[in-house]
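*Asks:* This is the structure I want to talk about, given as structure tokens.
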Amino acid sequence: MLTSPPPLPVVATQGSRIKLADGRELVDGVASWWTACHGYNHPHIAGAVTRQLRDMPHVMFGGLAHEPALTLARRLVELLPKPLDRVFFCDSGSVAVEVAMKMAVQFWLNQGAGGRTKFLSFKGGYHGDTFATMAVCDPEEGMHSLFSNVLTKQVIADLPVDEASEWTFDAALDAHAGALAAILVEPLAQGAGGMIFHDPAVLRKLRRAADRHGILLIFDEVFTGFGRTGTMFACEAAGVVPDIIALSKALTGGTMGLAATVATSTVFEAFSSTDPMRALMHGPTFMANPLACAAANASLDLFASEPRLRQVAAIAAALARDLEPCRDFAGVRDVRVQGAIGVVELDQINDMNELKRRFVESGVWVRPFRNIVYLTPAFTIAEAELKRLTDAVVAVLGAWSKGW
């Protein structure tokens with residue numbers, strides 16, 4: 001609290017630009033934690049929200065329903081691979097994962113299998129900041145280690161990316177399978193845990209392992225969903241369908257909070273009962289908020305009518321080409337790209353505030369964390385703006401590698 005510089009006052013956004021109160025404009029390299037996939041202030045989303053605000057900004061989703069939510073649920077089911085066809089709305093990515101975990105445990109409770117209450121998740125993983133999700137994050141990644149004696153103990157394994165890690169994963173699964181409700185993973189890209197990428201084949205291994213032990217598979221696509229890794233959903237790249245998927249971040253095009261936890265009918269049927277104790281007793285006050293649903297429907301319109309995935313492919317090619325010079329800098333451990341995610345991994349960052357300041361001085365908003373400098377721009381970013389971002393990363397890290 002006493003070492004971080006004060007935040008920069010922002011007065012306006014437009015496209016891939018952030019306008020500061022002092023008149024400076026920054027090219028946004030992270031799209032507000034990768035939510036603003038269509039850029040800021042897209043007129044189609046703004047128009048939809050304005051119309052919804054006039055008609056009905058909010059109504060409770062308990063005993064009442066409304067067309068924006070029903071339309072959004074139907075459209076999500078049409079986009080997602082089958083049989084993901086039952087949608088539960090909530091209000092943030094962390095809560096969406098928490099609902100998925102709660103859903104998985106109660107799936108087994110409702111069938112008399114009360115011993116399946118644990119989760120197997122992975123080193124390098126990050127799933128949110130609420131208590132259940134903190135417990136399934138990488139315990140060594142630092143953000144939540146303060147609470148290690150408070151959190152429920154889960155099974156944290158190595159992602160099975162090679163023969164050695166596959167052996168340790170199988171051993172962990174064999175040892176704990178009887179107590180596991182589900183396997184939980186961020187598919188293709190582990191985000192806030194270090195921007196770590198893995199091959200689609202890993203997800204196929206997880207699906208086979210879950211089926212072999214008769215447990216559920218949950219994909220946390222809060223980061224990866226809606227085009228970020230190159231396909232609409234990361235699970236598509238592997239041809240794998242999870243039992244439950246959590247979505248948020250870019251769902252509303254970066255305008256307001258909304259999330260969805262989508263399950264298969266097999267999971268849903270375990271809750272379908274005349275017994276009220278078998279219902280999923282979870283109801284966020286602003287679940288299925290009509291304004292947010294209107295924004296999400298407008299965002300899906302843009303995915304349908306504009307070439308977002310082709311734009312992601314073009315961004316990926318530009319990031320791979322223009323960040324490559326960083327590989328030769330002293331102190332750079334790796335340069336990697338997955339879809340519209342570009343990463344320069346450093347050995348360490350000793351002065352994070354100075355690094356952030358240098359980026360702002362270069363006219364860009366880039367927000368490193370731990371030892372990672374990354375870019376997750378809007379899919380609509382102009383070619384010149386993207387080049388300005390990559391040039392700034394190369395220039396700042398070039399100076400950093402020489403001791404400034």
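The way I read the labels, and the way they are meant: chains A, B, ... in the order of the structure tokens, residue 1 as the first residue of every chain, and ligand 1 as the first ligand shown, with later ones counted on from there.
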Write out as a PyMOL selection string each polymer residue whose atoms come within 12 Å of A:Glu383, counting only C-alpha atoms; drop sequence neighbours fewer than 6 positions from it.

*Replies:* chain A and resi 16+27+311-312+314-319+322+377+389-390

*Asks:* How would the residues just picked look written out with all heavy atoms as a CSV table (one decimal), in the first residue's frame?

*Replies:*
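out.csv written:
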chain,number,residue,atom,x,y,z
A,16,SER,N,-8.7,1.3,-29.0
A,16,SER,CA,-7.6,0.8,-28.2
A,16,SER,C,-6.8,1.9,-27.5
A,16,SER,O,-5.7,1.7,-27.1
A,16,SER,CB,-6.6,0.0,-29.1
A,16,SER,OG,-7.2,-1.2,-29.5
A,27,VAL,N,-1.8,3.7,-25.8
A,27,VAL,CA,-2.3,2.6,-26.5
A,27,VAL,C,-2.4,1.4,-25.5
A,27,VAL,O,-1.5,1.1,-24.8
A,27,VAL,CB,-1.4,2.2,-27.7
A,27,VAL,CG1,-1.9,0.9,-28.4
A,27,VAL,CG2,-1.3,3.3,-28.7
A,311,GLN,N,-8.8,-11.7,-37.2
A,311,GLN,CA,-8.1,-10.6,-36.6
A,311,GLN,C,-7.1,-11.2,-35.5
A,311,GLN,O,-6.0,-10.7,-35.4
A,311,GLN,CB,-9.0,-9.6,-36.0
A,311,GLN,CG,-9.7,-8.7,-37.0
A,311,GLN,CD,-10.9,-7.9,-36.4
A,311,GLN,OE1,-11.5,-8.3,-35.5
A,311,GLN,NE2,-11.1,-6.7,-37.0
A,312,VAL,N,-7.6,-12.2,-34.8
A,312,VAL,CA,-6.8,-12.8,-33.8
A,312,VAL,C,-5.6,-13.5,-34.5
A,312,VAL,O,-4.4,-13.4,-34.0
A,312,VAL,CB,-7.6,-13.8,-33.0
A,312,VAL,CG1,-6.6,-14.7,-32.1
A,312,VAL,CG2,-8.6,-13.1,-32.1
A,314,ALA,N,-4.1,-12.6,-37.3
A,314,ALA,CA,-3.2,-11.6,-37.7
A,314,ALA,C,-2.4,-11.0,-36.5
A,314,ALA,O,-1.2,-10.7,-36.7
A,314,ALA,CB,-4.0,-10.5,-38.4
A,315,ILE,N,-3.1,-10.8,-35.4
A,315,ILE,CA,-2.4,-10.3,-34.2
A,315,ILE,C,-1.3,-11.3,-33.8
A,315,ILE,O,-0.2,-11.0,-33.4
A,315,ILE,CB,-3.4,-10.1,-33.1
A,315,ILE,CG1,-4.3,-8.8,-33.4
A,315,ILE,CG2,-2.7,-9.8,-31.7
A,315,ILE,CD1,-5.4,-8.6,-32.5
A,316,ALA,N,-1.7,-12.6,-33.8
A,316,ALA,CA,-0.7,-13.7,-33.4
A,316,ALA,C,0.5,-13.6,-34.3
A,316,ALA,O,1.7,-13.7,-33.8
A,316,ALA,CB,-1.4,-15.0,-33.5
A,317,ALA,N,0.3,-13.5,-35.6
A,317,ALA,CA,1.5,-13.4,-36.5
A,317,ALA,C,2.4,-12.2,-36.2
A,317,ALA,O,3.6,-12.3,-36.2
A,317,ALA,CB,1.0,-13.4,-37.9
A,318,ALA,N,1.7,-11.0,-35.9
A,318,ALA,CA,2.5,-9.8,-35.7
A,318,ALA,C,3.2,-9.9,-34.4
A,318,ALA,O,4.4,-9.5,-34.2
A,318,ALA,CB,1.5,-8.6,-35.7
A,319,LEU,N,2.6,-10.5,-33.3
A,319,LEU,CA,3.2,-10.6,-32.0
A,319,LEU,C,4.4,-11.5,-32.1
A,319,LEU,O,5.5,-11.2,-31.6
A,319,LEU,CB,2.2,-11.1,-31.0
A,319,LEU,CG,1.1,-10.2,-30.5
A,319,LEU,CD1,0.1,-11.0,-29.6
A,319,LEU,CD2,1.6,-9.0,-29.8
A,322,ASP,N,7.2,-9.5,-34.1
A,322,ASP,CA,7.7,-8.2,-33.6
A,322,ASP,C,8.2,-8.3,-32.2
A,322,ASP,O,8.9,-7.4,-31.7
A,322,ASP,CB,6.6,-7.2,-33.7
A,322,ASP,CG,6.3,-6.8,-35.2
A,322,ASP,OD1,7.2,-7.1,-36.0
A,322,ASP,OD2,5.2,-6.4,-35.4
A,377,PRO,N,-4.0,-7.5,-26.5
A,377,PRO,CA,-4.8,-6.3,-27.0
A,377,PRO,C,-6.2,-6.6,-27.5
A,377,PRO,O,-6.6,-7.8,-27.7
A,377,PRO,CB,-3.9,-5.9,-28.2
A,377,PRO,CG,-3.3,-7.2,-28.7
A,377,PRO,CD,-3.0,-8.0,-27.5
A,389,LEU,N,2.8,-0.9,-29.7
A,389,LEU,CA,2.9,-1.7,-28.5
A,389,LEU,C,4.2,-2.6,-28.5
A,389,LEU,O,5.0,-2.6,-27.6
A,389,LEU,CB,1.7,-2.6,-28.3
A,389,LEU,CG,0.4,-1.9,-27.9
A,389,LEU,CD1,-0.8,-2.9,-28.0
A,389,LEU,CD2,0.5,-1.4,-26.4
A,390,THR,N,4.4,-3.4,-29.6
A,390,THR,CA,5.5,-4.3,-29.7
A,390,THR,C,6.8,-3.5,-29.7
A,390,THR,O,7.8,-3.9,-29.1
A,390,THR,CB,5.4,-5.2,-30.9
A,390,THR,OG1,5.2,-4.4,-32.1
A,390,THR,CG2,4.2,-6.2,-30.7

*Asks:* Quick one: everything within 8 Å of stretch 286-297 of chain A, counting only C-alpha atoms, minus sequence neighbours fewer than 4 positions away in the same chain. Send it as a list in words.

*Replies:*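 Selected residues are Ile45, Ala46, Ala48, Val49, Gln52, Leu53, Met56, Pro57, His58, Val59, Met60, Phe61, His66, Pro68, Ala69, Thr71, Leu72, Phe89, Cys90, Asp91, Leu251, Thr252, Gly253, Thr255, Met256, Gly257, Leu258 and Asp301 of chain A.
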
*Asks:* For the selection just defined, write its residues with N, CA and C atoms to a file, as an mmCIF file, in the first residue's frame.

*Replies:*
data_model
loop_
_atom_site.group_PDB
_atom_site.id
_atom_site.type_symbol
_atom_site.label_atom_id
_atom_site.label_comp_id
_atom_site.auth_asym_id
_atom_site.auth_seq_id
_atom_site.Cartn_x
_atom_site.Cartn_y
_atom_site.Cartn_z
ATOM 1 N N ILE A 45 -22.433 -2.253 -29.191
ATOM 2 C CA ILE A 45 -22.677 -2.640 -27.806
ATOM 3 C C ILE A 45 -23.294 -1.481 -27.032
ATOM 4 N N ALA A 46 -22.773 -0.274 -27.238
ATOM 5 C CA ALA A 46 -23.315 0.898 -26.544
ATOM 6 C C ALA A 46 -24.789 1.097 -26.873
ATOM 7 N N ALA A 48 -26.989 -1.200 -27.805
ATOM 8 C CA ALA A 48 -27.790 -2.254 -27.188
ATOM 9 C C ALA A 48 -28.000 -1.984 -25.702
ATOM 10 N N VAL A 49 -26.952 -1.548 -25.027
ATOM 11 C CA VAL A 49 -27.060 -1.254 -23.595
ATOM 12 C C VAL A 49 -27.972 -0.052 -23.361
ATOM 13 N N GLN A 52 -31.530 -1.169 -23.705
ATOM 14 C CA GLN A 52 -31.940 -1.994 -22.566
ATOM 15 C C GLN A 52 -32.103 -1.148 -21.310
ATOM 16 N N LEU A 53 -31.260 -0.142 -21.144
ATOM 17 C CA LEU A 53 -31.357 0.750 -19.992
ATOM 18 C C LEU A 53 -32.699 1.471 -19.976
ATOM 19 N N MET A 56 -35.472 -1.737 -19.314
ATOM 20 C CA MET A 56 -35.413 -2.510 -18.071
ATOM 21 C C MET A 56 -33.953 -2.726 -17.685
ATOM 22 N N PRO A 57 -33.400 -1.894 -16.810
ATOM 23 C CA PRO A 57 -31.991 -2.069 -16.436
ATOM 24 C C PRO A 57 -31.739 -3.314 -15.612
ATOM 25 N N HIS A 58 -32.706 -3.685 -14.767
ATOM 26 C CA HIS A 58 -32.506 -4.885 -13.959
ATOM 27 C C HIS A 58 -33.837 -5.372 -13.429
ATOM 28 N N VAL A 59 -33.920 -6.677 -13.281
ATOM 29 C CA VAL A 59 -35.007 -7.310 -12.543
ATOM 30 C C VAL A 59 -34.438 -8.602 -11.969
ATOM 31 N N MET A 60 -34.873 -8.979 -10.794
ATOM 32 C CA MET A 60 -34.339 -10.186 -10.163
ATOM 33 C C MET A 60 -34.610 -11.412 -11.040
ATOM 34 N N PHE A 61 -33.665 -12.376 -10.979
ATOM 35 C CA PHE A 61 -33.789 -13.582 -11.780
ATOM 36 C C PHE A 61 -34.240 -14.757 -10.913
ATOM 37 N N HIS A 66 -36.329 -12.997 -18.320
ATOM 38 C CA HIS A 66 -36.438 -11.954 -19.339
ATOM 39 C C HIS A 66 -35.724 -12.411 -20.612
ATOM 40 N N PRO A 68 -33.485 -11.004 -22.776
ATOM 41 C CA PRO A 68 -32.033 -10.907 -22.988
ATOM 42 C C PRO A 68 -31.267 -12.102 -22.424
ATOM 43 N N ALA A 69 -31.660 -12.585 -21.242
ATOM 44 C CA ALA A 69 -30.975 -13.733 -20.653
ATOM 45 C C ALA A 69 -31.290 -15.014 -21.410
ATOM 46 N N THR A 71 -32.205 -15.338 -24.540
ATOM 47 C CA THR A 71 -31.533 -15.274 -25.839
ATOM 48 C C THR A 71 -30.047 -15.562 -25.694
ATOM 49 N N LEU A 72 -29.414 -14.974 -24.677
ATOM 50 C CA LEU A 72 -27.986 -15.181 -24.473
ATOM 51 C C LEU A 72 -27.695 -16.647 -24.157
ATOM 52 N N PHE A 89 -26.191 -18.241 -14.921
ATOM 53 C CA PHE A 89 -25.570 -16.925 -14.975
ATOM 54 C C PHE A 89 -25.151 -16.449 -13.584
ATOM 55 N N CYS A 90 -23.986 -15.814 -13.524
ATOM 56 C CA CYS A 90 -23.547 -15.147 -12.299
ATOM 57 C C CYS A 90 -22.839 -13.857 -12.699
ATOM 58 N N ASP A 91 -21.924 -13.344 -11.869
ATOM 59 C CA ASP A 91 -21.488 -11.973 -12.110
ATOM 60 C C ASP A 91 -19.988 -11.748 -12.206
ATOM 61 N N LEU A 251 -17.045 -11.788 -22.196
ATOM 62 C CA LEU A 251 -18.438 -12.131 -22.491
ATOM 63 C C LEU A 251 -19.265 -10.915 -22.884
ATOM 64 N N THR A 252 -19.070 -9.786 -22.198
ATOM 65 C CA THR A 252 -19.840 -8.581 -22.519
ATOM 66 C C THR A 252 -19.039 -7.585 -23.356
ATOM 67 N N GLY A 253 -17.930 -8.033 -23.918
ATOM 68 C CA GLY A 253 -17.103 -7.117 -24.700
ATOM 69 C C GLY A 253 -16.419 -6.066 -23.854
ATOM 70 N N THR A 255 -17.642 -4.426 -21.082
ATOM 71 C CA THR A 255 -18.482 -3.298 -20.676
ATOM 72 C C THR A 255 -18.967 -3.395 -19.235
ATOM 73 N N MET A 256 -19.287 -4.597 -18.763
ATOM 74 C CA MET A 256 -19.766 -4.756 -17.389
ATOM 75 C C MET A 256 -19.649 -6.217 -16.993
ATOM 76 N N GLY A 257 -19.769 -6.458 -15.694
ATOM 77 C CA GLY A 257 -19.555 -7.795 -15.188
ATOM 78 C C GLY A 257 -20.696 -8.750 -15.514
ATOM 79 N N LEU A 258 -20.341 -9.927 -16.017
ATOM 80 C CA LEU A 258 -21.287 -11.009 -16.253
ATOM 81 C C LEU A 258 -20.481 -12.281 -16.438
ATOM 82 N N ASP A 301 -23.097 -10.639 -31.463
ATOM 83 C CA ASP A 301 -23.413 -10.125 -32.808
ATOM 84 C C ASP A 301 -22.134 -9.787 -33.560
#

*Asks:* Could you tell me which of A:Ala378, A:Phe219, A:Gly115, A:Ile183 comes closest to A:Gln14 if we count only C-alpha atoms?

*Replies:*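 Under the stated criterion, the closest residue is A:Ala378.
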
*Asks:* For the atom pair atom CA of A:Ala209 and atom CA of A:Glu166, what is the interatomic distance in Å to one decimal place?

*Replies:*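 Separating atom CA of A:Ala209 from atom CA of A:Glu166 is a distance of 10.6 Å.
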
*Asks:* Taking the DSSP secondary structure from the backbone, can you list the residues of stretch 236-287 of chain A that are strand (DSSP E or B), as a ChimeraX atom specification?

*Replies:* /A:244-247,259-264

*Asks:* Hey, can you spit out that residue selection with C-alpha atoms as a PDB file, in the first residue's frame?

*Replies:*
ATOM      1  CA  ILE A 244     -18.675 -27.860 -17.037  1.00  0.00           C
ATOM      2  CA  ILE A 245     -17.200 -24.674 -18.496  1.00  0.00           C
ATOM      3  CA  ALA A 246     -16.812 -21.271 -16.818  1.00  0.00           C
ATOM      4  CA  LEU A 247     -17.009 -18.105 -18.949  1.00  0.00           C
ATOM      5  CA  ALA A 259     -20.347 -14.675 -16.168  1.00  0.00           C
ATOM      6  CA  ALA A 260     -21.835 -18.020 -17.076  1.00  0.00           C
ATOM      7  CA  THR A 261     -21.255 -21.563 -15.876  1.00  0.00           C
ATOM      8  CA  VAL A 262     -22.443 -23.999 -18.540  1.00  0.00           C
ATOM      9  CA  ALA A 263     -22.926 -27.701 -17.873  1.00  0.00           C
ATOM     10  CA  THR A 264     -23.978 -30.784 -19.787  1.00  0.00           C
TER      11      THR A 264
END

*Asks:* Can you tell me which residues surround stretch 118-125 of chain A at a distance of at most 6 Å, considering only C-alpha atoms, apart from same-chain residues fewer than 4 positions away, and format the answer as a ChimeraX atom specification?

*Replies:* /A:136-138,154-159,179-184,190,193

*Asks:* Keeping only N, CA and C atoms, write the selected residues to a file as a compact mmCIF listing (two decimals), in the first residue's frame.

*Replies:*
# COMPACT_ATOMS: atom_id res chain seq x y z
N VAL A 136 -7.68 -23.68 -5.26
CA VAL A 136 -7.29 -24.49 -6.42
C VAL A 136 -6.27 -23.77 -7.31
N CYS A 137 -5.80 -22.60 -6.87
CA CYS A 137 -4.71 -21.92 -7.57
C CYS A 137 -3.37 -22.56 -7.18
N ASP A 138 -2.35 -22.27 -7.98
CA ASP A 138 -1.01 -22.71 -7.65
C ASP A 138 -0.63 -22.17 -6.27
N GLN A 154 -6.54 -28.88 -1.43
CA GLN A 154 -6.90 -29.56 -2.66
C GLN A 154 -5.69 -30.30 -3.20
N VAL A 155 -5.88 -31.00 -4.31
CA VAL A 155 -4.79 -31.76 -4.94
C VAL A 155 -4.24 -30.92 -6.08
N ILE A 156 -3.00 -30.48 -5.96
CA ILE A 156 -2.37 -29.64 -6.99
C ILE A 156 -1.29 -30.47 -7.67
N ALA A 157 -1.43 -30.70 -8.96
CA ALA A 157 -0.52 -31.59 -9.68
C ALA A 157 0.19 -30.84 -10.81
N ASP A 158 1.19 -31.50 -11.39
CA ASP A 158 1.82 -30.98 -12.60
C ASP A 158 0.92 -31.24 -13.80
N LEU A 159 0.81 -30.27 -14.69
CA LEU A 159 0.13 -30.53 -15.95
C LEU A 159 0.87 -31.63 -16.70
N ALA A 179 -11.74 -39.46 -3.92
CA ALA A 179 -12.18 -38.27 -3.19
C ALA A 179 -12.43 -37.08 -4.12
N LEU A 180 -12.18 -37.25 -5.41
CA LEU A 180 -12.25 -36.12 -6.34
C LEU A 180 -13.64 -35.95 -6.94
N ALA A 181 -14.10 -34.70 -6.93
CA ALA A 181 -15.31 -34.36 -7.67
C ALA A 181 -14.99 -34.05 -9.12
N ALA A 182 -13.84 -33.41 -9.37
CA ALA A 182 -13.52 -32.99 -10.73
C ALA A 182 -12.05 -32.64 -10.87
N ILE A 183 -11.62 -32.61 -12.12
CA ILE A 183 -10.34 -32.02 -12.53
C ILE A 183 -10.66 -30.62 -13.06
N LEU A 184 -9.87 -29.64 -12.69
CA LEU A 184 -10.10 -28.25 -13.08
C LEU A 184 -8.87 -27.69 -13.76
N GLN A 190 -2.61 -20.88 -19.18
CA GLN A 190 -2.79 -20.52 -17.78
C GLN A 190 -2.43 -19.04 -17.66
N GLY A 193 -1.43 -17.04 -13.61
CA GLY A 193 -0.41 -17.85 -12.97
C GLY A 193 0.93 -17.80 -13.67

*Asks:* Pick from A:Gly403, A:Gly63, A:Gly227, A:Gly93: nearest to A:Ala304, with only C-alpha atoms counted?

*Replies:* A:Gly227

*Asks:* Give me the residues near stretch 332-345 of chain A as number ranges by chain, where near means some atom within 9 Å (using only C-alpha atoms) and where sequence neighbours in that chain fewer than 2 positions away do not count.

*Replies:* A: 188-189, 194-197, 227-231, 311-317, 319-320, 323-324, 326-330, 347-348, 371-379, 393, 397, 401

*Asks:* Can you write out the residues you just picked, keeping N, CA and C atoms, as a compact mmCIF listing (two decimals), in the first residue's frame?

*Replies:*
# COMPACT_ATOMS: atom_id res chain seq x y z
N LEU A 188 -5.32 -24.57 -22.65
CA LEU A 188 -4.33 -23.97 -23.57
C LEU A 188 -3.46 -22.90 -22.95
N ALA A 189 -4.01 -22.06 -22.08
CA ALA A 189 -3.22 -20.95 -21.52
C ALA A 189 -3.59 -20.72 -20.07
N GLY A 194 1.01 -17.09 -14.78
CA GLY A 194 2.29 -16.95 -15.48
C GLY A 194 2.23 -16.98 -16.99
N MET A 195 1.02 -16.89 -17.57
CA MET A 195 0.87 -16.94 -19.03
C MET A 195 1.63 -18.14 -19.61
N ILE A 196 1.28 -19.32 -19.08
CA ILE A 196 1.94 -20.57 -19.46
C ILE A 196 1.06 -21.30 -20.46
N PHE A 197 1.61 -21.69 -21.60
CA PHE A 197 0.85 -22.35 -22.65
C PHE A 197 1.12 -23.85 -22.66
N GLY A 227 -12.36 -16.27 -28.21
CA GLY A 227 -11.39 -15.98 -29.26
C GLY A 227 -9.97 -15.72 -28.85
N ARG A 228 -9.67 -15.59 -27.58
CA ARG A 228 -8.35 -15.11 -27.17
C ARG A 228 -7.22 -16.03 -27.62
N THR A 229 -7.45 -17.34 -27.62
CA THR A 229 -6.37 -18.26 -27.98
C THR A 229 -6.38 -18.67 -29.45
N GLY A 230 -7.34 -18.16 -30.22
CA GLY A 230 -7.36 -18.44 -31.66
C GLY A 230 -8.61 -19.12 -32.16
N THR A 231 -9.32 -19.82 -31.28
CA THR A 231 -10.64 -20.36 -31.60
C THR A 231 -11.64 -19.72 -30.64
N GLN A 311 -8.83 -11.66 -37.25
CA GLN A 311 -8.05 -10.59 -36.61
C GLN A 311 -7.11 -11.17 -35.55
N VAL A 312 -7.60 -12.15 -34.80
CA VAL A 312 -6.76 -12.80 -33.79
C VAL A 312 -5.56 -13.47 -34.46
N ALA A 313 -5.80 -14.15 -35.58
CA ALA A 313 -4.70 -14.81 -36.30
C ALA A 313 -3.67 -13.79 -36.78
N ALA A 314 -4.14 -12.62 -37.26
CA ALA A 314 -3.21 -11.58 -37.72
C ALA A 314 -2.42 -11.00 -36.55
N ILE A 315 -3.08 -10.81 -35.41
CA ILE A 315 -2.38 -10.33 -34.21
C ILE A 315 -1.33 -11.33 -33.78
N ALA A 316 -1.67 -12.62 -33.80
CA ALA A 316 -0.72 -13.66 -33.40
C ALA A 316 0.53 -13.61 -34.27
N ALA A 317 0.34 -13.46 -35.57
CA ALA A 317 1.49 -13.42 -36.48
C ALA A 317 2.35 -12.19 -36.20
N LEU A 319 2.56 -10.46 -33.32
CA LEU A 319 3.22 -10.60 -32.03
C LEU A 319 4.44 -11.52 -32.13
N ALA A 320 4.27 -12.63 -32.83
CA ALA A 320 5.38 -13.58 -32.98
C ALA A 320 6.56 -12.93 -33.70
N LEU A 323 7.85 -9.39 -31.43
CA LEU A 323 8.43 -9.59 -30.10
C LEU A 323 9.69 -10.45 -30.13
N GLU A 324 9.97 -11.07 -31.26
CA GLU A 324 11.10 -11.99 -31.37
C GLU A 324 12.44 -11.36 -31.00
N CYS A 326 13.22 -9.63 -28.61
CA CYS A 326 13.43 -9.69 -27.16
C CYS A 326 14.17 -10.96 -26.75
N ARG A 327 14.10 -11.99 -27.57
CA ARG A 327 14.71 -13.27 -27.22
C ARG A 327 16.23 -13.14 -27.03
N ASP A 328 16.82 -12.17 -27.69
CA ASP A 328 18.27 -12.00 -27.63
C ASP A 328 18.74 -11.12 -26.47
N PHE A 329 17.81 -10.57 -25.70
CA PHE A 329 18.18 -9.68 -24.60
C PHE A 329 18.65 -10.48 -23.38
N ALA A 330 19.65 -9.95 -22.71
CA ALA A 330 20.07 -10.55 -21.44
C ALA A 330 18.92 -10.49 -20.45
N ASP A 347 13.88 -13.30 -16.39
CA ASP A 347 14.41 -14.02 -15.23
C ASP A 347 13.78 -13.49 -13.95
N GLN A 348 13.71 -12.17 -13.83
CA GLN A 348 13.07 -11.54 -12.70
C GLN A 348 12.89 -10.06 -12.99
N ASN A 371 7.26 -11.99 -13.22
CA ASN A 371 8.39 -11.83 -14.15
C ASN A 371 7.91 -11.85 -15.60
N ILE A 372 6.64 -11.43 -15.82
CA ILE A 372 6.00 -11.53 -17.12
C ILE A 372 5.64 -10.16 -17.67
N VAL A 373 6.06 -9.90 -18.90
CA VAL A 373 5.56 -8.75 -19.67
C VAL A 373 4.70 -9.34 -20.78
N TYR A 374 3.46 -8.92 -20.85
CA TYR A 374 2.54 -9.56 -21.80
C TYR A 374 1.68 -8.53 -22.52
N LEU A 375 1.18 -8.92 -23.68
CA LEU A 375 0.24 -8.13 -24.45
C LEU A 375 -0.99 -8.98 -24.74
N THR A 376 -2.17 -8.44 -24.43
CA THR A 376 -3.45 -9.07 -24.78
C THR A 376 -4.36 -7.98 -25.34
N PRO A 377 -4.04 -7.47 -26.52
CA PRO A 377 -4.76 -6.30 -27.04
C PRO A 377 -6.17 -6.64 -27.50
N ALA A 378 -6.96 -5.60 -27.74
CA ALA A 378 -8.26 -5.76 -28.40
C ALA A 378 -8.06 -6.40 -29.76
N PHE A 379 -9.00 -7.23 -30.18
CA PHE A 379 -8.89 -7.88 -31.48
C PHE A 379 -9.00 -6.87 -32.63
N VAL A 393 7.61 -2.53 -26.14
CA VAL A 393 8.11 -3.66 -25.36
C VAL A 393 9.57 -3.93 -25.70
N LEU A 397 12.39 -3.16 -22.86
CA LEU A 397 13.11 -4.32 -22.34
C LEU A 397 14.58 -4.33 -22.84
N SER A 401 17.45 -4.60 -20.14
CA SER A 401 18.45 -5.66 -20.18
C SER A 401 19.87 -5.11 -20.05

*Asks:* If I take atom CA of A:Gly398 and atom CA of A:Lys19, how far is one from the other in Å, to one decimal?

*Replies:*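 Here the two named atoms are 26.6 Å from each other.
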
*Asks:* For the structure I just gave you, how does DSSP split stretch 176-280 of chain A - specifically, which residues are helix (DSSP H, G or I)? Reply as a PyMOL selection string.

*Replies:* chain A and resi 176-179+200-213+234-238+249-252+265-269+276-278

*Asks:* Using only C-alpha atoms, which protein or nucleic acid residues come within 10 Å of A:Thr152? Drop anything in the same chain fewer than 5 positions from it, and give the result as a list in words.

*Replies:*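 The residues that qualify are Lys118, Phe131, Ala132, Thr133, Met134, Ala135, Val136 and Phe147 of chain A.
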
*Asks:* Counting only C-alpha atoms, which of A:Glu78, A:Asp85, A:Glu186, A:Asp174 gets nearest to A:Phe268?

*Replies:*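 Of the candidates, the smallest distance to A:Phe268 is held by A:Asp85.
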
*Asks:* Return the single residue from A:Trp34, A:Phe169, A:Tyr126, A:Phe107 that is closest to A:Thr266, with distances computed using only C-alpha atoms.

*Replies:*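 Ranking A:Trp34, A:Phe169, A:Tyr126, A:Phe107 by distance to A:Thr266, first place goes to A:Phe107.
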
*Asks:* Which is closer to A:Pro5 than all the others in A:Arg357, A:Lys387, A:Lys205, A:His44, using only C-alpha atoms?

*Replies:*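 So, comparing all the options, the nearest one is A:Arg357.
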
*Asks:* Between A:Ala238, A:Ala31, A:Ala270, A:Ala36, which is the closest to A:Asn110 once you count only C-alpha atoms?

*Replies:*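 Of the candidates, the smallest distance to A:Asn110 is held by A:Ala270.
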